[in-house]
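This report concerns only the one structure given below.
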Amino acid sequence: MEVDPVCILCNIMLEDDYHLFFSCSYPVFIRRHILRLLGLRDVIAQDWDKQIDWCVDHIKGGNSIAISWQKPEVGDVAVNTDGSLSDDGAGFGAIIRDEHGTALSAVEGSSGPSSITLHELQGIEAGLKLAILNGHSRISLKSDSKTSLSYLKEDGSKPPWTCHHVWESIKRLRMQFEKCSHSHNYREVNGAADLLASSRPAWNFVVVHPNSFSEELKKIIREDAMGKTYYR
């Protein structure tokens, strides 16, 4: 059965998760109207994770918890990934670190803007490709996107159709590892991958050697390796 991919509410943009909940004017108007009735002021979020963070901070209160970057097991490497999306473009990035927190390699890329879910998955795909390129067989995949990680579970969950090509690539890549676990990271301890995703180079897969890391990126890596504690 053929289904019209155009949003039936605005009849302008393609209907995917990002558009339906965060960019289509109709549901955005309804959400903001409800929040005004509750005496709350909304913010424009890029994805579900950011929206959930906002709800936790503004509706449940501001209870803080201490978090820090978790080093992988001995013999494994951590692959932190992220994606970014704004009005003027999109990107993704990933960084590989060993059990000491030492950065081994990184990758950054750019993409035509689509949905934040797609770009988060592109970050995961790039991280897996980088790990294979560097000969790592045991990896711990880490992302601050619970939505993207949910599609890595073997429970039949499938991403929006616009993400299927990247999702299928990820499934094939994961099969090449001896071990490939995945876990959610809070955004505060995913700063290195976030910075790489925001760089948006001219090419869609640019390997970055640690010798050419920016000072800002080096600072984030040092703080993570030393066990800097963040509060949220």
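In the structure tokens, chains take letters A, B, ... by order of appearance, with residues numbered from 1 within each chain and ligands from 1 in the order shown.
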Apply DSSP to the backbone of this structure and, from stretch 53-173 of chain A, keep only the residues in strand (DSSP E); write these as a PyMOL selection string.
chain A and resi 66-67+77-86+89-97+103-111+138-143
Given the selection you just returned, output its residues as a file containing C-alpha atoms, formatted as a PDB file, in the first residue's frame.
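File selection28.pdb, as written:
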ATOM      1  CA  ALA A  66      26.479  13.689  39.638  1.00  0.00           C
ATOM      2  CA  ILE A  67      27.620  12.123  36.350  1.00  0.00           C
ATOM      3  CA  VAL A  77      37.310   1.093  23.342  1.00  0.00           C
ATOM      4  CA  ALA A  78      34.542   3.632  23.872  1.00  0.00           C
ATOM      5  CA  VAL A  79      32.940   5.101  20.756  1.00  0.00           C
ATOM      6  CA  ASN A  80      31.039   8.280  21.617  1.00  0.00           C
ATOM      7  CA  THR A  81      28.756   9.550  18.846  1.00  0.00           C
ATOM      8  CA  ASP A  82      26.459  12.501  18.213  1.00  0.00           C
ATOM      9  CA  GLY A  83      24.460  14.288  15.539  1.00  0.00           C
ATOM     10  CA  SER A  84      23.495  17.932  15.081  1.00  0.00           C
ATOM     11  CA  LEU A  85      20.789  19.807  13.220  1.00  0.00           C
ATOM     12  CA  SER A  86      20.032  23.485  12.731  1.00  0.00           C
ATOM     13  CA  GLY A  89      22.854  22.527   8.098  1.00  0.00           C
ATOM     14  CA  ALA A  90      23.467  19.209   9.824  1.00  0.00           C
ATOM     15  CA  GLY A  91      26.419  17.107  10.888  1.00  0.00           C
ATOM     16  CA  PHE A  92      27.591  14.107  12.875  1.00  0.00           C
ATOM     17  CA  GLY A  93      30.705  13.007  14.699  1.00  0.00           C
ATOM     18  CA  ALA A  94      32.312  10.244  16.728  1.00  0.00           C
ATOM     19  CA  ILE A  95      35.416   9.791  18.868  1.00  0.00           C
ATOM     20  CA  ILE A  96      37.229   6.638  19.998  1.00  0.00           C
ATOM     21  CA  ARG A  97      38.952   6.433  23.398  1.00  0.00           C
ATOM     22  CA  ALA A 103      41.703   9.657  22.373  1.00  0.00           C
ATOM     23  CA  LEU A 104      42.743   7.328  19.552  1.00  0.00           C
ATOM     24  CA  SER A 105      40.875   8.760  16.587  1.00  0.00           C
ATOM     25  CA  ALA A 106      37.820  10.793  15.620  1.00  0.00           C
ATOM     26  CA  VAL A 107      35.586  11.436  12.651  1.00  0.00           C
ATOM     27  CA  GLU A 108      33.333  14.294  11.615  1.00  0.00           C
ATOM     28  CA  GLY A 109      30.954  14.724   8.704  1.00  0.00           C
ATOM     29  CA  SER A 110      28.255  16.901   7.227  1.00  0.00           C
ATOM     30  CA  SER A 111      24.864  16.086   5.784  1.00  0.00           C
ATOM     31  CA  ARG A 138      35.534  -4.804  20.984  1.00  0.00           C
ATOM     32  CA  ILE A 139      33.662  -1.539  21.343  1.00  0.00           C
ATOM     33  CA  SER A 140      31.298   0.189  23.743  1.00  0.00           C
ATOM     34  CA  LEU A 141      29.008   2.456  21.746  1.00  0.00           C
ATOM     35  CA  LYS A 142      27.782   5.539  23.618  1.00  0.00           C
ATOM     36  CA  SER A 143      25.214   8.125  22.500  1.00  0.00           C
TER      37      SER A 143
END
A:Leu128: which residues within 8 Å, counting only C-alpha atoms, same-chain residues fewer than 5 positions away excluded, as a PyMOL selection string?
chain A and resi 79+170+173-174
Go ahead and write the residues just picked, N, CA, C and O atoms, as a PDB file, in the first residue's frame.
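What landed in result26.pdb:
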ATOM      1  N   VAL A  79      33.227   4.346  21.982  1.00  0.00           N
ATOM      2  CA  VAL A  79      32.940   5.101  20.756  1.00  0.00           C
ATOM      3  C   VAL A  79      31.764   6.030  21.057  1.00  0.00           C
ATOM      4  O   VAL A  79      30.613   5.612  21.066  1.00  0.00           O
ATOM      5  N   ILE A 170      24.033   0.299   9.806  1.00  0.00           N
ATOM      6  CA  ILE A 170      24.484   0.092  11.182  1.00  0.00           C
ATOM      7  C   ILE A 170      24.381  -1.380  11.570  1.00  0.00           C
ATOM      8  O   ILE A 170      25.299  -1.945  12.192  1.00  0.00           O
ATOM      9  N   LEU A 173      27.252  -3.246   9.969  1.00  0.00           N
ATOM     10  CA  LEU A 173      28.540  -2.898  10.567  1.00  0.00           C
ATOM     11  C   LEU A 173      28.720  -3.555  11.936  1.00  0.00           C
ATOM     12  O   LEU A 173      29.810  -4.032  12.269  1.00  0.00           O
ATOM     13  N   ARG A 174      27.674  -3.593  12.730  1.00  0.00           N
ATOM     14  CA  ARG A 174      27.776  -4.155  14.081  1.00  0.00           C
ATOM     15  C   ARG A 174      28.138  -5.641  14.055  1.00  0.00           C
ATOM     16  O   ARG A 174      28.766  -6.152  14.986  1.00  0.00           O
TER      17      ARG A 174
END
Name the residues of stretch 119-180 of chain A that come out as alpha helix (DSSP H) in a backbone DSSP run; write them as a CSV table (one decimal) with N, CA, C and O atoms, in the first residue's frame.
chain,number,residue,atom,x,y,z
A,119,HIS,N,20.5,12.1,11.8
A,119,HIS,CA,21.8,12.6,12.0
A,119,HIS,C,22.5,11.9,13.3
A,119,HIS,O,23.7,11.7,13.3
A,120,GLU,N,21.7,11.6,14.3
A,120,GLU,CA,22.2,10.8,15.4
A,120,GLU,C,22.6,9.4,14.9
A,120,GLU,O,23.7,8.9,15.3
A,121,LEU,N,21.8,8.8,14.1
A,121,LEU,CA,22.2,7.5,13.5
A,121,LEU,C,23.4,7.6,12.6
A,121,LEU,O,24.2,6.7,12.5
A,122,GLN,N,23.5,8.7,11.9
A,122,GLN,CA,24.7,8.9,11.0
A,122,GLN,C,26.0,8.9,11.9
A,122,GLN,O,27.0,8.4,11.5
A,123,GLY,N,25.8,9.5,13.1
A,123,GLY,CA,27.0,9.6,14.0
A,123,GLY,C,27.4,8.2,14.4
A,123,GLY,O,28.6,7.8,14.5
A,124,ILE,N,26.4,7.3,14.8
A,124,ILE,CA,26.6,6.0,15.2
A,124,ILE,C,27.3,5.2,14.0
A,124,ILE,O,28.3,4.5,14.2
A,125,GLU,N,26.7,5.4,12.8
A,125,GLU,CA,27.3,4.7,11.6
A,125,GLU,C,28.8,5.1,11.4
A,125,GLU,O,29.6,4.3,11.2
A,126,ALA,N,29.1,6.4,11.6
A,126,ALA,CA,30.4,6.9,11.4
A,126,ALA,C,31.4,6.3,12.4
A,126,ALA,O,32.5,6.0,12.1
A,127,GLY,N,30.9,6.3,13.7
A,127,GLY,CA,31.7,5.7,14.7
A,127,GLY,C,32.0,4.2,14.5
A,127,GLY,O,33.2,3.8,14.7
A,128,LEU,N,31.1,3.5,14.0
A,128,LEU,CA,31.3,2.1,13.7
A,128,LEU,C,32.3,1.9,12.6
A,128,LEU,O,33.2,1.1,12.6
A,129,LYS,N,32.2,2.7,11.5
A,129,LYS,CA,33.1,2.7,10.4
A,129,LYS,C,34.5,3.0,10.8
A,129,LYS,O,35.5,2.4,10.4
A,130,LEU,N,34.6,4.0,11.7
A,130,LEU,CA,35.9,4.5,12.2
A,130,LEU,C,36.6,3.3,13.0
A,130,LEU,O,37.8,3.1,12.9
A,131,ALA,N,35.8,2.7,13.9
A,131,ALA,CA,36.3,1.6,14.7
A,131,ALA,C,36.8,0.4,13.8
A,131,ALA,O,37.9,-0.1,14.1
A,132,ILE,N,36.1,0.1,12.8
A,132,ILE,CA,36.5,-0.9,11.8
A,132,ILE,C,37.8,-0.5,11.1
A,132,ILE,O,38.8,-1.3,10.9
A,133,LEU,N,37.8,0.8,10.7
A,133,LEU,CA,39.0,1.3,10.0
A,133,LEU,C,40.3,1.2,10.8
A,133,LEU,O,41.4,1.0,10.3
A,146,LYS,N,18.6,8.7,23.3
A,146,LYS,CA,17.9,7.4,23.7
A,146,LYS,C,17.0,6.9,22.5
A,146,LYS,O,16.9,5.7,22.3
A,147,THR,N,16.5,7.9,21.7
A,147,THR,CA,15.7,7.5,20.6
A,147,THR,C,16.5,6.6,19.6
A,147,THR,O,16.1,5.6,19.1
A,148,SER,N,17.7,7.1,19.2
A,148,SER,CA,18.5,6.4,18.3
A,148,SER,C,19.0,5.0,18.8
A,148,SER,O,19.0,4.0,18.1
A,149,LEU,N,19.3,5.0,20.1
A,149,LEU,CA,19.8,3.7,20.7
A,149,LEU,C,18.6,2.7,20.8
A,149,LEU,O,18.9,1.5,20.7
A,150,SER,N,17.4,3.2,20.9
A,150,SER,CA,16.3,2.3,20.9
A,150,SER,C,16.1,1.4,19.7
A,150,SER,O,15.6,0.3,19.7
A,164,HIS,N,16.0,4.5,7.3
A,164,HIS,CA,16.2,3.0,7.1
A,164,HIS,C,17.5,2.7,6.5
A,164,HIS,O,18.1,1.7,6.8
A,165,HIS,N,18.0,3.5,5.5
A,165,HIS,CA,19.2,3.1,4.8
A,165,HIS,C,20.4,3.2,5.8
A,165,HIS,O,21.3,2.4,5.7
A,166,VAL,N,20.4,4.2,6.7
A,166,VAL,CA,21.5,4.3,7.7
A,166,VAL,C,21.3,3.2,8.7
A,166,VAL,O,22.3,2.5,9.2
A,167,TRP,N,20.1,2.9,9.1
A,167,TRP,CA,19.8,1.8,10.1
A,167,TRP,C,20.3,0.5,9.6
A,167,TRP,O,20.9,-0.3,10.4
A,168,GLU,N,20.0,0.2,8.4
A,168,GLU,CA,20.4,-1.1,7.8
A,168,GLU,C,22.0,-1.2,7.7
A,168,GLU,O,22.6,-2.2,8.0
A,169,SER,N,22.6,-0.1,7.4
A,169,SER,CA,24.1,0.0,7.4
A,169,SER,C,24.6,-0.3,8.8
A,169,SER,O,25.6,-1.0,8.9
A,170,ILE,N,24.0,0.3,9.8
A,170,ILE,CA,24.5,0.1,11.2
A,170,ILE,C,24.4,-1.4,11.6
A,170,ILE,O,25.3,-1.9,12.2
A,171,LYS,N,23.3,-2.0,11.2
A,171,LYS,CA,23.1,-3.4,11.5
A,171,LYS,C,24.2,-4.3,10.9
A,171,LYS,O,24.7,-5.2,11.5
A,172,ARG,N,24.6,-4.0,9.7
A,172,ARG,CA,25.6,-4.7,9.0
A,172,ARG,C,27.0,-4.5,9.6
A,172,ARG,O,27.8,-5.4,9.8
A,173,LEU,N,27.3,-3.2,10.0
A,173,LEU,CA,28.5,-2.9,10.6
A,173,LEU,C,28.7,-3.6,11.9
A,173,LEU,O,29.8,-4.0,12.3
A,174,ARG,N,27.7,-3.6,12.7
A,174,ARG,CA,27.8,-4.2,14.1
A,174,ARG,C,28.1,-5.6,14.1
A,174,ARG,O,28.8,-6.2,15.0
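For the pair atom CA of A:Gly227 and atom CA of A:Trp69, the separation is 6.6 Å.
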So that I can check the surroundings of A:Cys10, please list as a VMD selection string every protein, DNA and RNA residue that reaches within 8 Å of it, counting only C-alpha atoms and ignoring chain neighbours fewer than 4 positions away.
chain A and resid 24 to 26
A:Tyr18, A:Tyr186, A:Phe177, A:Trp161: which is nearest A:Ile116, counting only C-alpha atoms?
A:Tyr18
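The protein and nucleic acid residues lying at most 12 Å from A:Ser214 are Ala106, Ala192, Leu195, Leu196, Ser199, Val208, His209, Pro210, Asn211, Leu217, Lys218, Lys219, Ile220 and Ile221 of chain A, with only C-alpha atoms considered and sequence neighbours fewer than 3 positions away removed.
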For N, CA and C atoms, I'd like the residues from the last selection saved as a JSON list (two decimals), in the first residue's frame.
[["chain", "number", "residue", "atom", "x", "y", "z"],
["A", 106, "ALA", "N", 39.14, 10.16, 15.66],
["A", 106, "ALA", "CA", 37.82, 10.79, 15.62],
["A", 106, "ALA", "C", 37.39, 10.97, 14.18],
["A", 192, "ALA", "N", 32.64, 15.85, 23.60],
["A", 192, "ALA", "CA", 33.62, 15.69, 22.52],
["A", 192, "ALA", "C", 32.93, 15.32, 21.21],
["A", 195, "LEU", "N", 30.91, 18.31, 19.88],
["A", 195, "LEU", "CA", 31.75, 19.31, 19.22],
["A", 195, "LEU", "C", 32.11, 18.87, 17.81],
["A", 196, "LEU", "N", 32.44, 17.60, 17.64],
["A", 196, "LEU", "CA", 32.77, 17.07, 16.31],
["A", 196, "LEU", "C", 31.55, 17.14, 15.38],
["A", 199, "SER", "N", 30.98, 20.60, 13.89],
["A", 199, "SER", "CA", 32.01, 21.20, 13.04],
["A", 199, "SER", "C", 31.59, 21.26, 11.57],
["A", 208, "VAL", "N", 39.84, 12.53, 11.84],
["A", 208, "VAL", "CA", 40.61, 13.57, 12.52],
["A", 208, "VAL", "C", 41.61, 12.90, 13.45],
["A", 209, "HIS", "N", 42.90, 13.14, 13.22],
["A", 209, "HIS", "CA", 43.95, 12.57, 14.07],
["A", 209, "HIS", "C", 44.07, 13.40, 15.34],
["A", 210, "PRO", "N", 44.36, 12.77, 16.49],
["A", 210, "PRO", "CA", 44.50, 13.52, 17.75],
["A", 210, "PRO", "C", 45.48, 14.69, 17.68],
["A", 211, "ASN", "N", 46.51, 14.58, 16.83],
["A", 211, "ASN", "CA", 47.47, 15.68, 16.70],
["A", 211, "ASN", "C", 46.84, 16.95, 16.15],
["A", 217, "LEU", "N", 38.56, 20.79, 21.97],
["A", 217, "LEU", "CA", 38.34, 19.35, 22.01],
["A", 217, "LEU", "C", 39.33, 18.67, 22.96],
["A", 218, "LYS", "N", 40.58, 19.09, 22.92],
["A", 218, "LYS", "CA", 41.59, 18.53, 23.83],
["A", 218, "LYS", "C", 41.20, 18.77, 25.29],
["A", 219, "LYS", "N", 40.66, 19.92, 25.58],
["A", 219, "LYS", "CA", 40.26, 20.27, 26.95],
["A", 219, "LYS", "C", 39.14, 19.33, 27.43],
["A", 220, "ILE", "N", 38.15, 19.09, 26.57],
["A", 220, "ILE", "CA", 37.05, 18.20, 26.93],
["A", 220, "ILE", "C", 37.57, 16.79, 27.20],
["A", 221, "ILE", "N", 38.47, 16.31, 26.35],
["A", 221, "ILE", "CA", 39.02, 14.96, 26.50],
["A", 221, "ILE", "C", 39.81, 14.83, 27.79]]
Can you tell me which residues surround A:Asp49 at a distance of at most 8 Å, considering only C-alpha atoms, apart from same-chain residues fewer than 2 positions away, and format the answer as a list in words?
Asp47, Gln51, Ile52, Asp53, Asp144, Ser145, Lys146 and Thr147 of chain A
Could those selected residues go to a file with N, CA and C atoms, as a PDB file, in the first residue's frame?
ATOM      1  N   ASP A  47      15.024  17.485  19.532  1.00  0.00           N
ATOM      2  CA  ASP A  47      14.644  16.076  19.519  1.00  0.00           C
ATOM      3  C   ASP A  47      13.979  15.717  20.835  1.00  0.00           C
ATOM      4  N   GLN A  51      13.714  17.565  24.650  1.00  0.00           N
ATOM      5  CA  GLN A  51      12.390  17.886  25.162  1.00  0.00           C
ATOM      6  C   GLN A  51      12.175  17.247  26.533  1.00  0.00           C
ATOM      7  N   ILE A  52      12.631  16.001  26.691  1.00  0.00           N
ATOM      8  CA  ILE A  52      12.505  15.318  27.979  1.00  0.00           C
ATOM      9  C   ILE A  52      13.334  16.026  29.039  1.00  0.00           C
ATOM     10  N   ASP A  53      14.564  16.440  28.664  1.00  0.00           N
ATOM     11  CA  ASP A  53      15.404  17.187  29.609  1.00  0.00           C
ATOM     12  C   ASP A  53      14.689  18.449  30.081  1.00  0.00           C
ATOM     13  N   ASP A 144      24.081  10.113  23.340  1.00  0.00           N
ATOM     14  CA  ASP A 144      23.153  10.807  24.241  1.00  0.00           C
ATOM     15  C   ASP A 144      21.728  10.806  23.687  1.00  0.00           C
ATOM     16  N   SER A 145      21.498  10.056  22.615  1.00  0.00           N
ATOM     17  CA  SER A 145      20.172   9.961  22.010  1.00  0.00           C
ATOM     18  C   SER A 145      19.525   8.624  22.366  1.00  0.00           C
ATOM     19  N   LYS A 146      18.593   8.655  23.311  1.00  0.00           N
ATOM     20  CA  LYS A 146      17.878   7.429  23.670  1.00  0.00           C
ATOM     21  C   LYS A 146      17.040   6.926  22.496  1.00  0.00           C
ATOM     22  N   THR A 147      16.541   7.860  21.707  1.00  0.00           N
ATOM     23  CA  THR A 147      15.726   7.477  20.556  1.00  0.00           C
ATOM     24  C   THR A 147      16.524   6.631  19.575  1.00  0.00           C
TER      25      THR A 147
END
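Between atom CA of A:Glu188 and atom CA of A:Lys50 the separation is 12.0 Å.
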